[in-house]
Amino acid sequence: MVVKKSRIFAGIDVGSLVTKVVILKDGKIAGYSVISSRTNPKKAGEQALEKAITNANCKREDIKCIVATGYGRSSFSFADKAVTELTCHATGAYYLNPNIRTVIDIGGQDSKVIKLDQSGKMSDFAMNDKCAAGTGRFLEVMAQALEVGLDSMGEFSLKSNKPCSLSSICTVFAETEVISLISAGANKEDIVAGLHNSIARRVGSMAKGLGLQKEIAFTGGVAKNSGVRSALEEFLDINFTPISEDPQIIGALGASLVASKL
Amino acid sequence: MECVVDKMLQEEKTLLETPEDVIKWTNQLLYKRPQQIIEEKKITGKKLMSYFCLFMPKELFDAADVLYPLVVGSMSEKDIPFGEQYLPATYCPIPKCILGLKVRKGDILFENTDFIVSPADCGCKTKTWEYLNQFLPVHVYEVPKKFNEPDAAKYFEREIGRVRKRLEEYLGYAISDEKLSVSIRNFNKLRELQFELCGKLRSHIPCPIKGLDAFFGMVSSFFLDVKDSIRILEILNEKVRRRAEKGQGYNGARIMLTGAPIVWPTLKFYELVEANGGVVVGGEFCAESAPFFKFEDANLVDETGDPIEALARKYMRLPCAVYTPNTERIETLKNMVSVLKVDGIIYQLLEACHPFNAEFRKVKDAMEAEGIPVVGINTGFSDSDRAQIKVRIEGFMEMLKARKS
């Protein structure tokens, strides 16, 4: 009997807000999915996996190995291994561009800065402390307070000429400050720009503390926000190196690459 | 004084074979200990005195023939709201728990404590004693933060002399130099055993004892008098030594913990390292190796000269972040890394523990210059951040593993 050697791997990244799956076939992304995590990481992971399998046009039984990452990484009995999102973001970014030496990732509940060596191995990292300041969750709360769509915040803030100054780094107090600014008649554009600056200061200081080395990639869901991106570039006086894929799937991509090496 | 440890072991006919057995038994003993101490207090009429820092020369308590367990063994998150009745929310959780435990009347030993002696070390603790003094007498003494100044030693010696005088006044009898010398010799014996464990046995590859067990072995002396502490360590070291001689023990990335004091609510650091393929081979903070200033030897108290002068000379030099400039702490850490063959350092950043948190950058830079990776992890006394700490520790372990491959 001839057994057809399968070269398909999957990476599942169950974040606090969004679950991502990447299917890797012969070393290339064959398909991926992005869905809301809601309150059941296990169910979200399974749904996202099914969806990615459909998008990649393959079968579940063809998948040779699955690696799970993200805060829900330990929820899957069918995953072959759980690996942290630190290793996965480093692996994913380096795969897309081997000149990357620093990854700044802002996800739903964590922000992190990862340093890579020449061979793509993680050599140092720093993560936010346990509060939500400087994370996707912070932006989500603020978008609700301002009644602005989360996806349009980036564009919105780029229209601002004089960003508001927000002193609080705490999500709860920052929300109070935002409400005060609204009642004082400040432009929403300026408030959103101010919020983006506050994230850039928070995450940017952490990155400077660790030491930035070029080239620098920006990953995670918040990397899709052009306002945060340009605020960080300005604060750090750098330009991010564009990456060729959706920045939100880099963790899942890294997980699938780890799976391919198991 | 009768040795509680031997008496209990004989009565129970317990056979202790491994280091794990010894620690399990010791923890059971520590659980029973508060009730035993209360009974001893009732029968003998001895005073119960306590302290909240390694800066306290316990030799003085021992020589004064009082009971001297640490009274915050049950420090936990639930004490914090009680502490916050007096102290700000944005305050270090350690003094909040100490005061909160008293306010809540949550600890039988604390409720039976007659007298507290504590140093004015960090700002948060120092201000807390002013409130604690409303509940029971607290004697506070100064610790010179620039201990290399020429007159610092003399000043500290006078402070320790005043501690002795205050105890004598309170007790109504003198603490003799002879008794102090005996206590000094006993504590030196304990220190030698503790250094054998932390400075010698744990340097073996594989490490013959888990970090958490070594931690419990070290902290047992906080709750026992010196003779019982010596017995525990003699028994423990014998088992650990035997395992080391056979070349047995725990493999995996060799981690050292440092930063803000690790106490019960943050033992999660040990648990998560050791659940993820690592072994904690050393700890540079009060409950572990801080008594061995510079980590070169057991850092004994001089047994020949004036006892107060000798005590002062030892106790003013700890690798605590309250000192400035604290270059000795860096030297201590470097020495520990080399003796214990450390692969990586995890630095506890405890909320509002400003002196230790502020030294993080200095420690990270100095250790990385030696090729040792350091990760700082923020935490508090709540267990709700376990998942977040887990990802940081697992990530760090993955990084160490990738470096080795």
# chains A, B, ... in the order shown; residues from 1 in each chain; ligands from 1

call {"tool": "closest_atom_pairs", "arguments": {"of": "chain B", "to": "chain A", "cutoff": "9 Å", "atoms": "only C-alpha atoms", "output": "tab-separated table"}}
result
residue	atom	partner	partner_atom	distance
B:Arg361	CA	A:Gly209	CA	8.5
B:Pro373	CA	A:Asp124	CA	7.3
B:Val374	CA	A:Asp124	CA	8.1
B:Val375	CA	A:Ala126	CA	7.3
B:Gly376	CA	A:Ala126	CA	7.5
B:Ile377	CA	A:Asp129	CA	7.6
B:Asn378	CA	A:Asp129	CA	5.5
B:Thr379	CA	A:Lys130	CA	7.3
B:Asp385	CA	A:Lys130	CA	7.0
B:Ala387	CA	A:Tyr71	CA	7.4
B:Gln388	CA	A:Lys130	CA	7.2
B:Ile389	CA	A:Lys130	CA	8.9
B:Val391	CA	A:Thr84	CA	6.1
B:Arg392	CA	A:Met127	CA	7.7
B:Glu394	CA	A:Thr84	CA	6.6
B:Gly395	CA	A:Thr84	CA	5.6
B:Phe396	CA	A:Phe125	CA	8.3
B:Glu398	CA	A:Thr87	CA	7.2
B:Met399	CA	A:Met122	CA	5.9
B:Leu400	CA	A:Ser123	CA	8.6
B:Ala402	CA	A:Lys121	CA	6.7
B:Arg403	CA	A:Lys121	CA	7.5

call {"tool": "atom_distance", "arguments": {"atom1": "atom CA of Leu158 of chain A", "atom2": "atom CA of Ser226 of chain A"}}
result
7.9 Å

call {"tool": "residues_around", "arguments": {"residues": "segment 300-309 of chain B", "least_positions_apart": "2", "cutoff": "12 Å", "atoms": "only C-alpha atoms", "output": "ChimeraX atom specification"}}
result
/B:57,59-60,63,153-165,175-195,291-293,295-298,311-317

call {"tool": "select_by_dssp", "arguments": {"residues": "segment 32-143 of chain A", "states": "strand (DSSP E)", "output": "PyMOL selection string"}}
result
chain A and resi 32-36+63-69+81-82+102-106+111-116+122-127

call {"tool": "residues_around", "arguments": {"residues": "segment 161-170 of chain A", "least_positions_apart": "3", "cutoff": "12 Å", "atoms": "only C-alpha atoms", "output": "PyMOL selection string"}}
result
chain A and resi 128-135+137-139+141-142+156-158+173-182+184-203+227+231

call {"tool": "atom_distance", "arguments": {"atom1": "atom CA of Pro242 of chain A", "atom2": "atom CA of Lys159 of chain A"}}
result
22.4 Å

call {"tool": "residues_around", "arguments": {"residues": "segment 253-267 of chain B", "least_positions_apart": "3", "cutoff": "6 Å", "atoms": "only C-alpha atoms", "output": "JSON, numbers by chain"}}
result
{"B": [76, 270, 278, 279, 280, 281, 282, 283, 284, 285, 342, 343, 344, 345, 346, 347, 348, 350, 356, 381]}

call {"tool": "write_last_selection", "arguments": {"atoms": "N, CA, C and O atoms", "output": "PDB file, in the first residue's frame"}}
result
ATOM      1  N   SER B  76      -2.339  36.775  52.888  1.00  0.00           N
ATOM      2  CA  SER B  76      -3.026  36.434  51.641  1.00  0.00           C
ATOM      3  C   SER B  76      -3.835  37.620  51.150  1.00  0.00           C
ATOM      4  O   SER B  76      -4.011  38.623  51.841  1.00  0.00           O
ATOM      5  N   TYR B 270       7.491  29.591  41.562  1.00  0.00           N
ATOM      6  CA  TYR B 270       8.125  28.277  41.662  1.00  0.00           C
ATOM      7  C   TYR B 270       7.292  27.221  40.922  1.00  0.00           C
ATOM      8  O   TYR B 270       7.810  26.414  40.173  1.00  0.00           O
ATOM      9  N   GLY B 278      11.441  23.415  34.156  1.00  0.00           N
ATOM     10  CA  GLY B 278      12.594  24.068  34.762  1.00  0.00           C
ATOM     11  C   GLY B 278      12.769  23.612  36.192  1.00  0.00           C
ATOM     12  O   GLY B 278      11.926  22.901  36.744  1.00  0.00           O
ATOM     13  N   VAL B 279      13.894  24.012  36.792  1.00  0.00           N
ATOM     14  CA  VAL B 279      14.080  23.772  38.215  1.00  0.00           C
ATOM     15  C   VAL B 279      14.658  25.051  38.821  1.00  0.00           C
ATOM     16  O   VAL B 279      15.572  25.657  38.266  1.00  0.00           O
ATOM     17  N   VAL B 280      14.039  25.481  39.924  1.00  0.00           N
ATOM     18  CA  VAL B 280      14.517  26.700  40.582  1.00  0.00           C
ATOM     19  C   VAL B 280      15.694  26.313  41.465  1.00  0.00           C
ATOM     20  O   VAL B 280      15.534  25.594  42.446  1.00  0.00           O
ATOM     21  N   VAL B 281      16.890  26.771  41.089  1.00  0.00           N
ATOM     22  CA  VAL B 281      18.094  26.369  41.822  1.00  0.00           C
ATOM     23  C   VAL B 281      18.532  27.410  42.834  1.00  0.00           C
ATOM     24  O   VAL B 281      19.405  27.149  43.662  1.00  0.00           O
ATOM     25  N   GLY B 282      17.919  28.590  42.757  1.00  0.00           N
ATOM     26  CA  GLY B 282      18.301  29.614  43.722  1.00  0.00           C
ATOM     27  C   GLY B 282      17.295  30.727  43.778  1.00  0.00           C
ATOM     28  O   GLY B 282      16.518  30.925  42.838  1.00  0.00           O
ATOM     29  N   GLY B 283      17.305  31.434  44.901  1.00  0.00           N
ATOM     30  CA  GLY B 283      16.420  32.577  45.057  1.00  0.00           C
ATOM     31  C   GLY B 283      17.183  33.673  45.760  1.00  0.00           C
ATOM     32  O   GLY B 283      17.757  33.447  46.823  1.00  0.00           O
ATOM     33  N   GLU B 284      17.254  34.834  45.140  1.00  0.00           N
ATOM     34  CA  GLU B 284      17.950  35.942  45.779  1.00  0.00           C
ATOM     35  C   GLU B 284      16.882  36.885  46.311  1.00  0.00           C
ATOM     36  O   GLU B 284      16.473  37.813  45.646  1.00  0.00           O
ATOM     37  N   PHE B 285      16.369  36.577  47.461  1.00  0.00           N
ATOM     38  CA  PHE B 285      15.422  37.440  48.185  1.00  0.00           C
ATOM     39  C   PHE B 285      15.370  36.917  49.617  1.00  0.00           C
ATOM     40  O   PHE B 285      15.972  35.880  49.936  1.00  0.00           O
ATOM     41  N   VAL B 342      23.353  28.946  36.741  1.00  0.00           N
ATOM     42  CA  VAL B 342      22.014  29.429  36.371  1.00  0.00           C
ATOM     43  C   VAL B 342      21.920  29.659  34.860  1.00  0.00           C
ATOM     44  O   VAL B 342      22.829  30.211  34.248  1.00  0.00           O
ATOM     45  N   ASP B 343      20.791  29.218  34.261  1.00  0.00           N
ATOM     46  CA  ASP B 343      20.556  29.452  32.824  1.00  0.00           C
ATOM     47  C   ASP B 343      19.765  30.734  32.573  1.00  0.00           C
ATOM     48  O   ASP B 343      19.885  31.342  31.517  1.00  0.00           O
ATOM     49  N   GLY B 344      18.911  31.096  33.508  1.00  0.00           N
ATOM     50  CA  GLY B 344      18.084  32.283  33.295  1.00  0.00           C
ATOM     51  C   GLY B 344      17.520  32.786  34.606  1.00  0.00           C
ATOM     52  O   GLY B 344      17.403  32.036  35.577  1.00  0.00           O
ATOM     53  N   ILE B 345      17.203  34.087  34.627  1.00  0.00           N
ATOM     54  CA  ILE B 345      16.723  34.718  35.856  1.00  0.00           C
ATOM     55  C   ILE B 345      15.302  35.244  35.653  1.00  0.00           C
ATOM     56  O   ILE B 345      15.015  35.915  34.659  1.00  0.00           O
ATOM     57  N   ILE B 346      14.418  34.940  36.580  1.00  0.00           N
ATOM     58  CA  ILE B 346      13.069  35.506  36.576  1.00  0.00           C
ATOM     59  C   ILE B 346      12.985  36.497  37.724  1.00  0.00           C
ATOM     60  O   ILE B 346      13.293  36.163  38.869  1.00  0.00           O
ATOM     61  N   TYR B 347      12.594  37.723  37.397  1.00  0.00           N
ATOM     62  CA  TYR B 347      12.599  38.830  38.358  1.00  0.00           C
ATOM     63  C   TYR B 347      11.170  39.188  38.697  1.00  0.00           C
ATOM     64  O   TYR B 347      10.404  39.611  37.828  1.00  0.00           O
ATOM     65  N   GLN B 348      10.787  38.998  39.947  1.00  0.00           N
ATOM     66  CA  GLN B 348       9.423  39.348  40.332  1.00  0.00           C
ATOM     67  C   GLN B 348       9.271  40.868  40.507  1.00  0.00           C
ATOM     68  O   GLN B 348       9.936  41.462  41.341  1.00  0.00           O
ATOM     69  N   LEU B 350       6.796  43.158  41.860  1.00  0.00           N
ATOM     70  CA  LEU B 350       5.584  43.154  42.681  1.00  0.00           C
ATOM     71  C   LEU B 350       4.992  44.551  42.678  1.00  0.00           C
ATOM     72  O   LEU B 350       5.717  45.530  42.852  1.00  0.00           O
ATOM     73  N   PHE B 356      12.662  47.394  44.687  1.00  0.00           N
ATOM     74  CA  PHE B 356      13.066  46.240  43.881  1.00  0.00           C
ATOM     75  C   PHE B 356      12.678  46.432  42.412  1.00  0.00           C
ATOM     76  O   PHE B 356      13.435  46.066  41.518  1.00  0.00           O
ATOM     77  N   PHE B 381      -0.813  40.052  44.661  1.00  0.00           N
ATOM     78  CA  PHE B 381      -1.133  38.947  45.560  1.00  0.00           C
ATOM     79  C   PHE B 381      -2.378  38.177  45.137  1.00  0.00           C
ATOM     80  O   PHE B 381      -2.808  37.267  45.824  1.00  0.00           O
TER      81      PHE B 381
END

call {"tool": "atom_distance", "arguments": {"atom1": "atom CA of Lys341 of chain B", "atom2": "atom CA of Asp213 of chain B"}}
result
18.9 Å

call {"tool": "closest_residue", "arguments": {"among": "A:Ser160, A:Lys208, A:Lys51, A:Gly31", "to": "Thr19 of chain A", "atoms": "only C-alpha atoms"}}
result
A:Lys51

call {"tool": "closest_residue", "arguments": {"among": "A:Thr39, A:Lys59, A:Glu215, A:Ala68", "to": "Asp13 of chain A", "atoms": "only C-alpha atoms"}}
result
A:Ala68

call {"tool": "residues_around", "arguments": {"residues": "segment 240-248 of chain B", "least_positions_apart": "2", "cutoff": "9 Å", "atoms": "only C-alpha atoms", "output": "number ranges by chain"}}
result
B: 18-19, 197, 201-202, 204-209, 235-238, 250

call {"tool": "write_last_selection", "arguments": {"atoms": "N, CA and C atoms", "output": "PDB file, in the first residue's frame"}}
result
ATOM      1  N   THR B  18      13.261  10.759  51.869  1.00  0.00           N
ATOM      2  CA  THR B  18      13.696  11.655  50.794  1.00  0.00           C
ATOM      3  C   THR B  18      13.546  13.105  51.244  1.00  0.00           C
ATOM      4  N   PRO B  19      14.179  14.027  50.504  1.00  0.00           N
ATOM      5  CA  PRO B  19      13.974  15.450  50.819  1.00  0.00           C
ATOM      6  C   PRO B  19      12.486  15.810  50.788  1.00  0.00           C
ATOM      7  N   LEU B 197      22.815  23.997  52.034  1.00  0.00           N
ATOM      8  CA  LEU B 197      21.691  23.687  51.149  1.00  0.00           C
ATOM      9  C   LEU B 197      21.671  24.607  49.932  1.00  0.00           C
ATOM     10  N   LEU B 201      24.628  22.316  47.958  1.00  0.00           N
ATOM     11  CA  LEU B 201      23.864  21.175  47.434  1.00  0.00           C
ATOM     12  C   LEU B 201      23.065  21.532  46.182  1.00  0.00           C
ATOM     13  N   ARG B 202      22.482  22.716  46.170  1.00  0.00           N
ATOM     14  CA  ARG B 202      21.663  23.083  44.999  1.00  0.00           C
ATOM     15  C   ARG B 202      22.519  23.426  43.777  1.00  0.00           C
ATOM     16  N   HIS B 204      24.508  21.346  42.447  1.00  0.00           N
ATOM     17  CA  HIS B 204      24.713  20.097  41.701  1.00  0.00           C
ATOM     18  C   HIS B 204      23.824  20.019  40.458  1.00  0.00           C
ATOM     19  N   ILE B 205      24.360  19.358  39.418  1.00  0.00           N
ATOM     20  CA  ILE B 205      23.571  19.038  38.230  1.00  0.00           C
ATOM     21  C   ILE B 205      23.450  17.523  38.159  1.00  0.00           C
ATOM     22  N   PRO B 206      22.276  16.903  38.157  1.00  0.00           N
ATOM     23  CA  PRO B 206      20.970  17.542  38.349  1.00  0.00           C
ATOM     24  C   PRO B 206      20.819  18.089  39.771  1.00  0.00           C
ATOM     25  N   CYS B 207      19.880  19.013  39.921  1.00  0.00           N
ATOM     26  CA  CYS B 207      19.666  19.646  41.222  1.00  0.00           C
ATOM     27  C   CYS B 207      18.930  18.668  42.148  1.00  0.00           C
ATOM     28  N   PRO B 208      19.532  18.349  43.307  1.00  0.00           N
ATOM     29  CA  PRO B 208      18.955  17.284  44.141  1.00  0.00           C
ATOM     30  C   PRO B 208      17.671  17.670  44.882  1.00  0.00           C
ATOM     31  N   ILE B 209      17.241  18.901  44.808  1.00  0.00           N
ATOM     32  CA  ILE B 209      16.004  19.299  45.498  1.00  0.00           C
ATOM     33  C   ILE B 209      15.251  20.307  44.638  1.00  0.00           C
ATOM     34  N   ILE B 235      18.355  17.175  59.120  1.00  0.00           N
ATOM     35  CA  ILE B 235      17.667  16.026  58.523  1.00  0.00           C
ATOM     36  C   ILE B 235      17.533  16.224  57.004  1.00  0.00           C
ATOM     37  N   LEU B 236      17.098  17.430  56.612  1.00  0.00           N
ATOM     38  CA  LEU B 236      16.893  17.708  55.185  1.00  0.00           C
ATOM     39  C   LEU B 236      18.211  17.590  54.402  1.00  0.00           C
ATOM     40  N   ASN B 237      19.241  18.255  54.898  1.00  0.00           N
ATOM     41  CA  ASN B 237      20.510  18.256  54.168  1.00  0.00           C
ATOM     42  C   ASN B 237      21.081  16.849  53.993  1.00  0.00           C
ATOM     43  N   GLU B 238      20.862  16.029  55.009  1.00  0.00           N
ATOM     44  CA  GLU B 238      21.391  14.663  54.920  1.00  0.00           C
ATOM     45  C   GLU B 238      20.757  13.923  53.733  1.00  0.00           C
ATOM     46  N   TYR B 250      16.845  16.772  39.794  1.00  0.00           N
ATOM     47  CA  TYR B 250      15.974  17.365  38.769  1.00  0.00           C
ATOM     48  C   TYR B 250      16.790  18.058  37.691  1.00  0.00           C
TER      49      TYR B 250
END
